$ cat input-v6.cif   # mmCIF, C-alpha atoms and all ligand atoms
data_target
loop_
_atom_site.group_PDB
_atom_site.id
_atom_site.type_symbol
_atom_site.label_atom_id
_atom_site.label_comp_id
_atom_site.auth_asym_id
_atom_site.auth_seq_id
_atom_site.Cartn_x
_atom_site.Cartn_y
_atom_site.Cartn_z
ATOM 1 C CA MET A 14 16.763 4.589 49.325
ATOM 2 C CA THR A 15 15.446 7.871 47.959
ATOM 3 C CA ALA A 16 12.979 10.016 49.827
ATOM 4 C CA THR A 17 10.180 9.351 47.358
ATOM 5 C CA GLU A 18 10.209 5.549 47.378
ATOM 6 C CA THR A 19 7.237 4.079 49.217
ATOM 7 C CA ASN A 20 8.363 0.469 49.740
ATOM 8 C CA ALA A 21 10.086 1.160 53.060
ATOM 9 C CA ALA A 22 10.277 -1.631 55.615
ATOM 10 C CA PRO A 23 7.307 -1.680 57.996
ATOM 11 C CA LEU A 24 7.832 0.424 61.063
ATOM 12 C CA PRO A 25 7.993 -1.452 64.348
ATOM 13 C CA HIS A 26 5.443 -0.604 67.019
ATOM 14 C CA PRO A 27 6.578 2.850 68.163
ATOM 15 C CA THR A 28 6.883 2.215 71.863
ATOM 16 C CA PHE A 29 6.630 -1.561 72.363
ATOM 17 C CA SER A 30 10.187 -2.495 73.216
ATOM 18 C CA PRO A 31 10.297 -4.607 76.364
ATOM 19 C CA GLY A 32 13.647 -5.075 78.010
ATOM 20 C CA PRO A 33 16.409 -2.699 79.000
ATOM 21 C CA ARG A 34 16.881 0.507 77.049
ATOM 22 C CA ALA A 35 20.391 1.756 76.387
ATOM 23 C CA LEU A 36 20.367 5.253 77.871
ATOM 24 C CA GLU A 37 23.304 7.596 77.444
ATOM 25 C CA ARG A 38 23.096 10.977 79.151
ATOM 26 C CA THR A 39 25.832 12.605 77.076
ATOM 27 C CA PRO A 40 27.722 11.945 73.831
ATOM 28 C CA ALA A 41 30.634 9.519 74.027
ATOM 29 C CA ALA A 42 33.197 12.321 73.721
ATOM 30 C CA TRP A 43 31.712 14.330 76.585
ATOM 31 C CA THR A 44 34.135 15.706 79.158
ATOM 32 C CA ALA A 45 32.906 17.662 82.152
ATOM 33 C CA GLU A 46 34.308 19.782 84.924
ATOM 34 C CA PRO A 47 33.091 19.045 88.477
ATOM 35 C CA TYR A 48 30.247 21.180 89.796
ATOM 36 C CA THR A 49 31.574 23.249 92.693
ATOM 37 C CA ARG A 50 29.059 26.101 92.911
ATOM 38 C CA PHE A 51 25.847 24.116 93.443
ATOM 39 C CA THR A 52 24.574 20.610 93.999
ATOM 40 C CA VAL A 53 23.013 18.491 91.266
ATOM 41 C CA GLN A 54 20.270 16.013 92.166
ATOM 42 C CA PRO A 55 19.362 13.860 89.134
ATOM 43 C CA MET A 56 15.686 13.138 88.456
ATOM 44 C CA SER A 57 16.292 10.307 85.987
ATOM 45 C CA PRO A 58 19.301 8.600 84.363
ATOM 46 C CA THR A 59 19.539 11.033 81.422
ATOM 47 C CA ILE A 60 17.237 14.021 81.839
ATOM 48 C CA GLY A 61 16.390 16.492 84.600
ATOM 49 C CA ALA A 62 18.325 17.636 87.658
ATOM 50 C CA VAL A 63 17.402 19.758 90.665
ATOM 51 C CA ILE A 64 20.006 22.478 91.207
ATOM 52 C CA ASP A 65 20.452 23.721 94.775
ATOM 53 C CA GLY A 66 22.576 26.734 95.635
ATOM 54 C CA VAL A 67 21.670 29.203 92.880
ATOM 55 C CA SER A 68 19.658 32.399 93.251
ATOM 56 C CA MET A 69 18.340 33.713 89.956
ATOM 57 C CA ALA A 70 18.099 37.160 91.523
ATOM 58 C CA ASP A 71 21.900 37.388 91.790
ATOM 59 C CA ASP A 72 24.249 38.300 88.980
ATOM 60 C CA LEU A 73 25.822 35.208 87.446
ATOM 61 C CA ASP A 74 29.598 35.399 87.501
ATOM 62 C CA ASP A 75 31.443 33.633 84.702
ATOM 63 C CA GLU A 76 32.241 30.520 86.729
ATOM 64 C CA MET A 77 28.630 30.111 87.863
ATOM 65 C CA PHE A 78 27.368 30.693 84.332
ATOM 66 C CA GLY A 79 29.854 28.148 82.937
ATOM 67 C CA GLN A 80 28.844 25.479 85.413
ATOM 68 C CA LEU A 81 25.118 26.086 84.855
ATOM 69 C CA ASP A 82 25.609 25.974 81.103
ATOM 70 C CA GLN A 83 27.455 22.669 81.397
ATOM 71 C CA ALA A 84 24.695 21.308 83.648
ATOM 72 C CA LEU A 85 22.069 22.374 81.102
ATOM 73 C CA LEU A 86 23.903 20.501 78.344
ATOM 74 C CA GLU A 87 24.399 17.432 80.528
ATOM 75 C CA TRP A 88 20.921 17.214 82.131
ATOM 76 C CA LYS A 89 18.824 19.126 79.521
ATOM 77 C CA VAL A 90 16.356 20.402 82.139
ATOM 78 C CA LEU A 91 17.432 22.194 85.315
ATOM 79 C CA PHE A 92 15.075 22.870 88.212
ATOM 80 C CA PHE A 93 15.530 25.676 90.736
ATOM 81 C CA ARG A 94 13.323 25.976 93.823
ATOM 82 C CA GLY A 95 12.065 29.022 95.681
ATOM 83 C CA GLN A 96 12.978 31.683 93.109
ATOM 84 C CA ASP A 97 11.087 34.893 93.937
ATOM 85 C CA VAL A 98 12.257 37.074 91.075
ATOM 86 C CA THR A 99 11.033 40.151 89.261
ATOM 87 C CA GLY A 100 10.500 40.208 85.525
ATOM 88 C CA ASP A 101 13.795 42.099 85.168
ATOM 89 C CA GLN A 102 15.717 39.492 87.208
ATOM 90 C CA HIS A 103 14.143 36.690 85.213
ATOM 91 C CA ARG A 104 15.156 38.507 82.031
ATOM 92 C CA ASP A 105 18.718 39.221 83.186
ATOM 93 C CA PHE A 106 19.261 35.559 84.105
ATOM 94 C CA ALA A 107 17.978 34.367 80.727
ATOM 95 C CA ALA A 108 19.985 36.957 78.790
ATOM 96 C CA ARG A 109 23.257 35.322 79.882
ATOM 97 C CA TRP A 110 22.424 32.596 77.356
ATOM 98 C CA GLY A 111 21.739 34.893 74.425
ATOM 99 C CA ALA A 112 19.251 37.184 72.747
ATOM 100 C CA LEU A 113 15.689 36.904 74.030
ATOM 101 C CA GLU A 114 12.645 36.211 71.963
ATOM 102 C CA SER A 115 9.403 38.129 71.732
ATOM 103 C CA HIS A 116 6.519 35.711 71.239
ATOM 104 C CA PRO A 117 3.978 37.014 68.741
ATOM 105 C CA PHE A 118 1.032 34.932 69.968
ATOM 106 C CA ILE A 119 1.172 34.728 73.774
ATOM 107 C CA GLY A 120 0.259 37.483 76.230
ATOM 108 C CA LEU A 121 2.767 39.346 78.372
ATOM 109 C CA ARG A 122 3.352 39.717 82.064
ATOM 110 C CA ASP A 123 1.091 42.511 83.406
ATOM 111 C CA ASP A 124 3.958 44.765 84.493
ATOM 112 C CA GLN A 125 5.967 44.162 81.346
ATOM 113 C CA PRO A 126 7.385 47.505 80.238
ATOM 114 C CA ALA A 127 6.841 48.549 76.664
ATOM 115 C CA GLY A 128 9.782 47.669 74.484
ATOM 116 C CA LYS A 129 10.778 44.627 76.571
ATOM 117 C CA PRO A 130 8.217 42.078 75.471
ATOM 118 C CA GLU A 131 10.111 38.989 76.549
ATOM 119 C CA VAL A 132 8.307 37.712 79.657
ATOM 120 C CA VAL A 133 5.263 35.867 78.365
ATOM 121 C CA ARG A 134 2.537 34.869 80.781
ATOM 122 C CA PHE A 135 0.521 31.666 80.585
ATOM 123 C CA GLU A 136 -2.610 32.218 82.665
ATOM 124 C CA LYS A 137 -5.009 29.298 82.746
ATOM 125 C CA GLY A 138 -8.109 28.836 84.859
ATOM 126 C CA PRO A 139 -11.894 28.759 84.687
ATOM 127 C CA ASP A 140 -11.905 30.953 81.594
ATOM 128 C CA LEU A 141 -9.140 29.203 79.689
ATOM 129 C CA GLY A 142 -7.922 25.626 79.989
ATOM 130 C CA GLY A 143 -4.334 24.579 79.381
ATOM 131 C CA TYR A 144 -3.546 23.843 75.759
ATOM 132 C CA GLU A 145 0.158 22.906 75.931
ATOM 133 C CA ASN A 146 -0.670 19.235 76.440
ATOM 134 C CA THR A 147 1.007 18.145 73.265
ATOM 135 C CA TRP A 148 4.652 17.180 72.873
ATOM 136 C CA HIS A 149 6.696 19.986 71.354
ATOM 137 C CA SER A 150 9.917 21.930 71.265
ATOM 138 C CA ASP A 151 9.241 25.631 71.746
ATOM 139 C CA VAL A 152 8.799 27.718 68.617
ATOM 140 C CA SER A 153 10.175 25.066 66.273
ATOM 141 C CA TRP A 154 8.104 26.952 63.673
ATOM 142 C CA ARG A 155 10.705 29.717 63.653
ATOM 143 C CA ALA A 156 13.713 29.716 61.324
ATOM 144 C CA ASN A 157 15.862 30.113 64.459
ATOM 145 C CA PRO A 158 13.956 28.151 67.109
ATOM 146 C CA SER A 159 14.563 28.489 70.808
ATOM 147 C CA LEU A 160 17.852 27.522 72.447
ATOM 148 C CA GLY A 161 16.093 27.211 75.772
ATOM 149 C CA SER A 162 13.113 28.283 77.820
ATOM 150 C CA ILE A 163 13.064 29.457 81.424
ATOM 151 C CA LEU A 164 9.654 28.951 83.011
ATOM 152 C CA ARG A 165 8.694 30.181 86.478
ATOM 153 C CA ALA A 166 5.640 29.007 88.437
ATOM 154 C CA VAL A 167 3.613 31.918 89.800
ATOM 155 C CA GLU A 168 0.396 30.177 90.834
ATOM 156 C CA VAL A 169 -0.155 26.443 90.593
ATOM 157 C CA PRO A 170 -2.969 24.011 91.315
ATOM 158 C CA ALA A 171 -2.656 21.858 94.446
ATOM 159 C CA VAL A 172 -2.931 18.739 92.329
ATOM 160 C CA GLY A 173 -2.016 18.335 88.682
ATOM 161 C CA GLY A 174 -0.476 20.819 86.263
ATOM 162 C CA ASP A 175 2.798 18.879 86.017
ATOM 163 C CA THR A 176 5.152 19.311 83.088
ATOM 164 C CA LEU A 177 6.918 16.367 81.431
ATOM 165 C CA TRP A 178 10.099 16.529 79.360
ATOM 166 C CA ALA A 179 11.605 13.953 76.996
ATOM 167 C CA ASP A 180 15.271 13.509 76.072
ATOM 168 C CA MET A 181 15.212 13.480 72.268
ATOM 169 C CA GLY A 182 18.880 12.490 72.024
ATOM 170 C CA ALA A 183 18.126 9.343 74.001
ATOM 171 C CA ALA A 184 15.019 8.876 71.852
ATOM 172 C CA TYR A 185 17.112 9.068 68.695
ATOM 173 C CA ASP A 186 19.669 6.619 70.114
ATOM 174 C CA GLY A 187 16.859 4.160 70.832
ATOM 175 C CA LEU A 188 15.566 4.038 67.248
ATOM 176 C CA PRO A 189 16.171 0.830 65.284
ATOM 177 C CA ASP A 190 19.043 1.154 62.818
ATOM 178 C CA HIS A 191 16.771 0.873 59.775
ATOM 179 C CA VAL A 192 14.680 3.795 61.021
ATOM 180 C CA LYS A 193 17.823 5.871 61.619
ATOM 181 C CA GLU A 194 18.906 5.130 58.053
ATOM 182 C CA ARG A 195 15.478 5.999 56.702
ATOM 183 C CA ILE A 196 15.300 9.409 58.379
ATOM 184 C CA ASP A 197 18.924 10.357 57.776
ATOM 185 C CA GLY A 198 18.968 13.543 55.685
ATOM 186 C CA LEU A 199 15.188 14.059 55.695
ATOM 187 C CA VAL A 200 13.749 17.523 56.202
ATOM 188 C CA ALA A 201 10.362 18.446 57.692
ATOM 189 C CA VAL A 202 8.128 21.506 57.497
ATOM 190 C CA HIS A 203 7.208 23.260 60.761
ATOM 191 C CA ASP A 204 4.407 25.792 61.095
ATOM 192 C CA TRP A 205 2.327 27.630 63.726
ATOM 193 C CA ILE A 206 -0.769 27.668 61.531
ATOM 194 C CA THR A 207 -2.255 24.426 62.908
ATOM 195 C CA THR A 208 -1.862 25.479 66.560
ATOM 196 C CA PHE A 209 -1.856 29.215 67.293
ATOM 197 C CA GLY A 210 -3.346 29.869 63.868
ATOM 198 C CA LEU A 211 -6.485 27.890 64.670
ATOM 199 C CA ALA A 212 -7.467 30.435 67.315
ATOM 200 C CA MET A 213 -7.239 33.371 64.875
ATOM 201 C CA ASP A 214 -9.557 34.664 62.209
ATOM 202 C CA ALA A 215 -8.349 34.417 58.627
ATOM 203 C CA ALA A 216 -7.445 38.099 58.368
ATOM 204 C CA THR A 217 -5.194 37.906 61.430
ATOM 205 C CA ARG A 218 -3.540 34.754 60.135
ATOM 206 C CA ASP A 219 -2.952 36.294 56.738
ATOM 207 C CA GLY A 220 -1.526 39.418 58.321
ATOM 208 C CA LEU A 221 1.021 37.448 60.328
ATOM 209 C CA ARG A 222 1.981 35.130 57.500
ATOM 210 C CA PRO A 223 4.674 37.244 55.827
ATOM 211 C CA ASP A 224 6.567 37.613 59.099
ATOM 212 C CA PHE A 225 6.183 33.959 60.086
ATOM 213 C CA PRO A 226 6.339 31.673 57.055
ATOM 214 C CA ALA A 227 6.475 27.891 57.332
ATOM 215 C CA VAL A 228 10.079 26.723 57.795
ATOM 216 C CA GLU A 229 12.071 23.556 57.108
ATOM 217 C CA HIS A 230 14.292 21.813 59.669
ATOM 218 C CA PRO A 231 16.174 18.513 59.582
ATOM 219 C CA VAL A 232 14.269 15.568 61.074
ATOM 220 C CA VAL A 233 17.450 14.740 62.998
ATOM 221 C CA ARG A 234 19.377 17.794 64.108
ATOM 222 C CA THR A 235 22.892 17.963 65.478
ATOM 223 C CA HIS A 236 23.085 19.690 68.838
ATOM 224 C CA PRO A 237 25.291 22.730 68.185
ATOM 225 C CA GLU A 238 27.164 22.435 71.496
ATOM 226 C CA THR A 239 27.271 18.729 72.345
ATOM 227 C CA GLY A 240 27.328 17.422 68.759
ATOM 228 C CA ARG A 241 24.669 14.870 69.659
ATOM 229 C CA ARG A 242 22.172 13.626 67.073
ATOM 230 C CA THR A 243 18.695 14.561 68.257
ATOM 231 C CA LEU A 244 15.209 13.810 66.963
ATOM 232 C CA TYR A 245 13.669 17.137 65.953
ATOM 233 C CA VAL A 246 10.077 16.602 64.850
ATOM 234 C CA ASN A 247 7.141 17.278 67.160
ATOM 235 C CA GLN A 248 3.416 16.695 67.021
ATOM 236 C CA ALA A 249 2.490 20.341 67.701
ATOM 237 C CA PHE A 250 4.350 22.101 64.915
ATOM 238 C CA THR A 251 5.741 19.609 62.389
ATOM 239 C CA GLN A 252 3.499 19.394 59.308
ATOM 240 C CA HIS A 253 5.016 16.873 56.924
ATOM 241 C CA ILE A 254 8.301 15.457 55.661
ATOM 242 C CA VAL A 255 9.489 17.041 52.449
ATOM 243 C CA GLY A 256 9.433 14.721 49.429
ATOM 244 C CA LEU A 257 7.369 11.901 50.939
ATOM 245 C CA PRO A 258 3.809 10.995 49.921
ATOM 246 C CA ALA A 259 1.331 12.303 52.503
ATOM 247 C CA ASP A 260 0.422 8.907 53.928
ATOM 248 C CA GLU A 261 4.030 7.797 54.265
ATOM 249 C CA SER A 262 5.008 11.119 55.842
ATOM 250 C CA LEU A 263 2.168 10.829 58.349
ATOM 251 C CA GLU A 264 3.004 7.236 59.253
ATOM 252 C CA LEU A 265 6.668 8.025 59.763
ATOM 253 C CA LEU A 266 5.990 11.203 61.746
ATOM 254 C CA GLU A 267 3.501 9.488 64.044
ATOM 255 C CA TYR A 268 6.083 6.811 64.723
ATOM 256 C CA LEU A 269 8.716 9.438 65.532
ATOM 257 C CA TYR A 270 6.345 11.587 67.636
ATOM 258 C CA ALA A 271 5.529 8.572 69.769
ATOM 259 C CA GLN A 272 9.119 8.294 70.961
ATOM 260 C CA ALA A 273 8.645 11.307 73.267
ATOM 261 C CA ALA A 274 6.027 9.296 75.158
ATOM 262 C CA VAL A 275 8.475 6.556 76.230
ATOM 263 C CA PRO A 276 8.820 6.862 80.031
ATOM 264 C CA GLU A 277 12.524 5.945 80.112
ATOM 265 C CA TYR A 278 13.279 9.097 78.092
ATOM 266 C CA GLN A 279 11.332 11.365 80.456
ATOM 267 C CA CYS A 280 11.349 13.328 83.658
ATOM 268 C CA ARG A 281 8.307 14.931 85.267
ATOM 269 C CA HIS A 282 7.967 17.893 87.606
ATOM 270 C CA HIS A 283 5.185 18.838 90.008
ATOM 271 C CA TRP A 284 5.304 22.580 90.447
ATOM 272 C CA GLN A 285 5.415 24.691 93.595
ATOM 273 C CA PRO A 286 5.179 28.494 93.430
ATOM 274 C CA GLY A 287 8.659 29.891 92.823
ATOM 275 C CA ASP A 288 9.921 26.813 91.012
ATOM 276 C CA VAL A 289 11.840 27.504 87.821
ATOM 277 C CA ALA A 290 12.624 25.055 85.025
ATOM 278 C CA PHE A 291 15.275 25.841 82.429
ATOM 279 C CA TRP A 292 15.246 23.446 79.502
ATOM 280 C CA ASP A 293 17.251 23.004 76.338
ATOM 281 C CA ASN A 294 14.782 23.072 73.433
ATOM 282 C CA ARG A 295 17.459 21.691 71.108
ATOM 283 C CA ALA A 296 17.663 18.481 73.127
ATOM 284 C CA THR A 297 14.169 17.981 74.536
ATOM 285 C CA GLN A 298 10.439 18.127 74.021
ATOM 286 C CA HIS A 299 7.903 18.915 76.723
ATOM 287 C CA TYR A 300 4.231 18.412 77.545
ATOM 288 C CA ALA A 301 2.181 20.407 80.065
ATOM 289 C CA SER A 302 -0.391 18.124 81.615
ATOM 290 C CA SER A 303 -3.808 19.801 81.319
ATOM 291 C CA ASP A 304 -5.500 17.998 84.173
ATOM 292 C CA TYR A 305 -6.312 20.829 86.603
ATOM 293 C CA PHE A 306 -9.226 22.669 84.947
ATOM 294 C CA PRO A 307 -10.901 24.810 86.303
ATOM 295 C CA SER A 308 -8.114 25.506 88.827
ATOM 296 C CA ARG A 309 -5.707 28.306 88.052
ATOM 297 C CA ARG A 310 -2.169 27.799 86.797
ATOM 298 C CA VAL A 311 -0.066 30.887 86.065
ATOM 299 C CA MET A 312 3.426 30.616 84.619
ATOM 300 C CA GLU A 313 5.916 33.105 83.182
ATOM 301 C CA ARG A 314 8.392 32.163 80.509
ATOM 302 C CA ILE A 315 11.376 33.695 78.774
ATOM 303 C CA THR A 316 12.798 32.092 75.679
ATOM 304 C CA VAL A 317 16.366 32.439 74.443
ATOM 305 C CA ILE A 318 16.806 32.483 70.658
ATOM 306 C CA GLY A 319 18.865 29.621 69.260
ATOM 307 C CA ASP A 320 20.729 28.657 66.098
ATOM 308 C CA ARG A 321 19.271 27.527 62.800
ATOM 309 C CA PRO A 322 19.064 23.716 63.162
ATOM 310 C CA PHE A 323 21.462 21.667 61.047
HETATM 311 FE FE FE A 401 6.205 24.895 75.371
#
$ encode --input "input-v6.cif" --output "structure tokens" --more "lines below"
Ligand SMILES: [Fe+2]
Amino acid sequence: MTATETNAAPLPHPTFSPGPRALERTPAAWTAEPYTRFTVQPMSPTIGAVIDGVSMADDLDDEMFGQLDQALLEWKVLFFRGQDVTGDQHRDFAARWGALESHPFIGLRDDQPAGKPEVVRFEKGPDLGGYENTWHSDVSWRANPSLGSILRAVEVPAVGGDTLWADMGAAYDGLPDHVKERIDGLVAVHDWITTFGLAMDAATRDGLRPDFPAVEHPVVRTHPETGRRTLYVNQAFTQHIVGLPADESLELLEYLYAQAAVPEYQCRHHWQPGDVAFWDNRATQHYASSDYFPSRRVMERITVIGDRPF
């Protein structure tokens, strides 16, 4: 079937699928070394694990880095408790995974030195409610979106403010075969204009446009390290599927977006100060529950730049 035909089979209900779900944590060819430097406490069958025995303030030797990197690929979201780190320590830990990103639209940590604009600060409270309560993969509107994000809780509400993550490899696996065939080879446009852009005046938007054009990514990307097929459209930044009529693109995207909301693909974390989550943006989407207004919730994030999706 070509991308422009409109007589596609009706989509099934996006999330109504009673009965057991086949959930694979890793690709079939996955081989793993045992974890000897820390303990791994799974939070769900496929996604999320609490790591005990790692201090982000310490230098990561090669063995520790290798085991953490394997754990990130296997569990997609790693949680570390009680990490009291400086901005520099946070940055040094993240930099083991690659070049760090400067976010053009989010404010910085107060003590961030000039020239090192990598620690972005999310500060929500009576003056500003949380707005990350939409499923997304960080900065998918960039040509080279994020490999991973490392988020540290500074101040959290007593109740609420949880973050949820969804395993988009498991979500892809769970699609009916005819949907997999239909989306195979499709490409979607991603853009920041309908999220961050809405909060800007037109002159600011126009000024940023040349540096941050809309980009195209495959609807199903291949994870560059695990080789796993992963659903890579999200309701925050994906605009439309290239070559489809608008109504068909919207219907298909809404069906695909809804997969992130399936509980069997998810894990959920309730934050304590000093908690750190490190997630693989190539394999997951996340959603910050905005249920704590007007309480304060302050988080600091560093994002590692990733590959161009293929
Ligand atoms: Fe995010």
$ residues_near_ligand --input "input-v6.cif" --ligand "ligand FE 401 (chain A)" --cutoff "12 Å" --atoms "all atoms listed in the file" --output "PyMOL selection string"
chain A and resi 116+119+133-135+143-153+158-159+161-164+176-178+208+247+249-250+290-294+297-302+312-316
$ write_last_selection --input "input-v6.cif" --atoms "C-alpha atoms" --output "PDB file, keeping the file's coordinate frame"
ATOM      1  CA  HIS A 116       6.519  35.711  71.239  1.00  0.00           C
ATOM      2  CA  ILE A 119       1.172  34.728  73.774  1.00  0.00           C
ATOM      3  CA  VAL A 133       5.263  35.867  78.365  1.00  0.00           C
ATOM      4  CA  ARG A 134       2.537  34.869  80.781  1.00  0.00           C
ATOM      5  CA  PHE A 135       0.521  31.666  80.585  1.00  0.00           C
ATOM      6  CA  GLY A 143      -4.334  24.579  79.381  1.00  0.00           C
ATOM      7  CA  TYR A 144      -3.546  23.843  75.759  1.00  0.00           C
ATOM      8  CA  GLU A 145       0.158  22.906  75.931  1.00  0.00           C
ATOM      9  CA  ASN A 146      -0.670  19.235  76.440  1.00  0.00           C
ATOM     10  CA  THR A 147       1.007  18.145  73.265  1.00  0.00           C
ATOM     11  CA  TRP A 148       4.652  17.180  72.873  1.00  0.00           C
ATOM     12  CA  HIS A 149       6.696  19.986  71.354  1.00  0.00           C
ATOM     13  CA  SER A 150       9.917  21.930  71.265  1.00  0.00           C
ATOM     14  CA  ASP A 151       9.241  25.631  71.746  1.00  0.00           C
ATOM     15  CA  VAL A 152       8.799  27.718  68.617  1.00  0.00           C
ATOM     16  CA  SER A 153      10.175  25.066  66.273  1.00  0.00           C
ATOM     17  CA  PRO A 158      13.956  28.151  67.109  1.00  0.00           C
ATOM     18  CA  SER A 159      14.563  28.489  70.808  1.00  0.00           C
ATOM     19  CA  GLY A 161      16.093  27.211  75.772  1.00  0.00           C
ATOM     20  CA  SER A 162      13.113  28.283  77.820  1.00  0.00           C
ATOM     21  CA  ILE A 163      13.064  29.457  81.424  1.00  0.00           C
ATOM     22  CA  LEU A 164       9.654  28.951  83.011  1.00  0.00           C
ATOM     23  CA  THR A 176       5.152  19.311  83.088  1.00  0.00           C
ATOM     24  CA  LEU A 177       6.918  16.367  81.431  1.00  0.00           C
ATOM     25  CA  TRP A 178      10.099  16.529  79.360  1.00  0.00           C
ATOM     26  CA  THR A 208      -1.862  25.479  66.560  1.00  0.00           C
ATOM     27  CA  ASN A 247       7.141  17.278  67.160  1.00  0.00           C
ATOM     28  CA  ALA A 249       2.490  20.341  67.701  1.00  0.00           C
ATOM     29  CA  PHE A 250       4.350  22.101  64.915  1.00  0.00           C
ATOM     30  CA  ALA A 290      12.624  25.055  85.025  1.00  0.00           C
ATOM     31  CA  PHE A 291      15.275  25.841  82.429  1.00  0.00           C
ATOM     32  CA  TRP A 292      15.246  23.446  79.502  1.00  0.00           C
ATOM     33  CA  ASP A 293      17.251  23.004  76.338  1.00  0.00           C
ATOM     34  CA  ASN A 294      14.782  23.072  73.433  1.00  0.00           C
ATOM     35  CA  THR A 297      14.169  17.981  74.536  1.00  0.00           C
ATOM     36  CA  GLN A 298      10.439  18.127  74.021  1.00  0.00           C
ATOM     37  CA  HIS A 299       7.903  18.915  76.723  1.00  0.00           C
ATOM     38  CA  TYR A 300       4.231  18.412  77.545  1.00  0.00           C
ATOM     39  CA  ALA A 301       2.181  20.407  80.065  1.00  0.00           C
ATOM     40  CA  SER A 302      -0.391  18.124  81.615  1.00  0.00           C
ATOM     41  CA  MET A 312       3.426  30.616  84.619  1.00  0.00           C
ATOM     42  CA  GLU A 313       5.916  33.105  83.182  1.00  0.00           C
ATOM     43  CA  ARG A 314       8.392  32.163  80.509  1.00  0.00           C
ATOM     44  CA  ILE A 315      11.376  33.695  78.774  1.00  0.00           C
ATOM     45  CA  THR A 316      12.798  32.092  75.679  1.00  0.00           C
TER      46      THR A 316
END
$ resolve_selection --input "input-v6.cif" --expression "the PyMOL selection byres (((chain A and resi 259-267) around 8) and not hetatm)" --output "PyMOL selection string"
chain A and resi 19+24+246+248+253-254+257-258+268-271
$ closest_residue --input "input-v6.cif" --among "A:Tyr305, A:Phe323, A:Tyr48, A:Tyr185" --to "Gln83 in chain A" --atoms "only C-alpha atoms"
A:Tyr48
$ atom_distance --input "input-v6.cif" --atom1 "CA of Lys193 in chain A" --atom2 "CA of Ala35 in chain A"
15.5 Å
$ closest_residue --input "input-v6.cif" --among "A:Gln279, A:Pro286, A:Val132, A:Gly182" --to "Thr99 in chain A" --atoms "all atoms listed in the file"
A:Val132
$ atom_distance --input "input-v6.cif" --atom1 "CA of Met77 in chain A" --atom2 "CA of Trp43 in chain A"
19.6 Å
$ atom_distance --input "input-v6.cif" --atom1 "CA of Asp140 in chain A" --atom2 "CA of Pro170 in chain A"
14.9 Å
$ resolve_selection --input "input-v6.cif" --expression "the PyMOL selection byres (((chain A and resi 86) around 9) and not hetatm)" --output "ChimeraX atom specification"
/A:39,81-85,87-90,238-239,293,296
$ write_last_selection --input "input-v6.cif" --atoms "C-alpha atoms" --output "mmCIF file, in the frame of the given file"
data_model
loop_
_atom_site.group_PDB
_atom_site.id
_atom_site.type_symbol
_atom_site.label_atom_id
_atom_site.label_comp_id
_atom_site.auth_asym_id
_atom_site.auth_seq_id
_atom_site.Cartn_x
_atom_site.Cartn_y
_atom_site.Cartn_z
ATOM 1 C CA THR A 39 25.832 12.605 77.076
ATOM 2 C CA LEU A 81 25.118 26.086 84.855
ATOM 3 C CA ASP A 82 25.609 25.974 81.103
ATOM 4 C CA GLN A 83 27.455 22.669 81.397
ATOM 5 C CA ALA A 84 24.695 21.308 83.648
ATOM 6 C CA LEU A 85 22.069 22.374 81.102
ATOM 7 C CA GLU A 87 24.399 17.432 80.528
ATOM 8 C CA TRP A 88 20.921 17.214 82.131
ATOM 9 C CA LYS A 89 18.824 19.126 79.521
ATOM 10 C CA VAL A 90 16.356 20.402 82.139
ATOM 11 C CA GLU A 238 27.164 22.435 71.496
ATOM 12 C CA THR A 239 27.271 18.729 72.345
ATOM 13 C CA ASP A 293 17.251 23.004 76.338
ATOM 14 C CA ALA A 296 17.663 18.481 73.127
#
$ closest_residue --input "input-v6.cif" --among "A:Phe106, A:Phe118, A:Tyr278, A:Tyr245" --to "Gly210 in chain A" --atoms "only C-alpha atoms"
A:Phe118
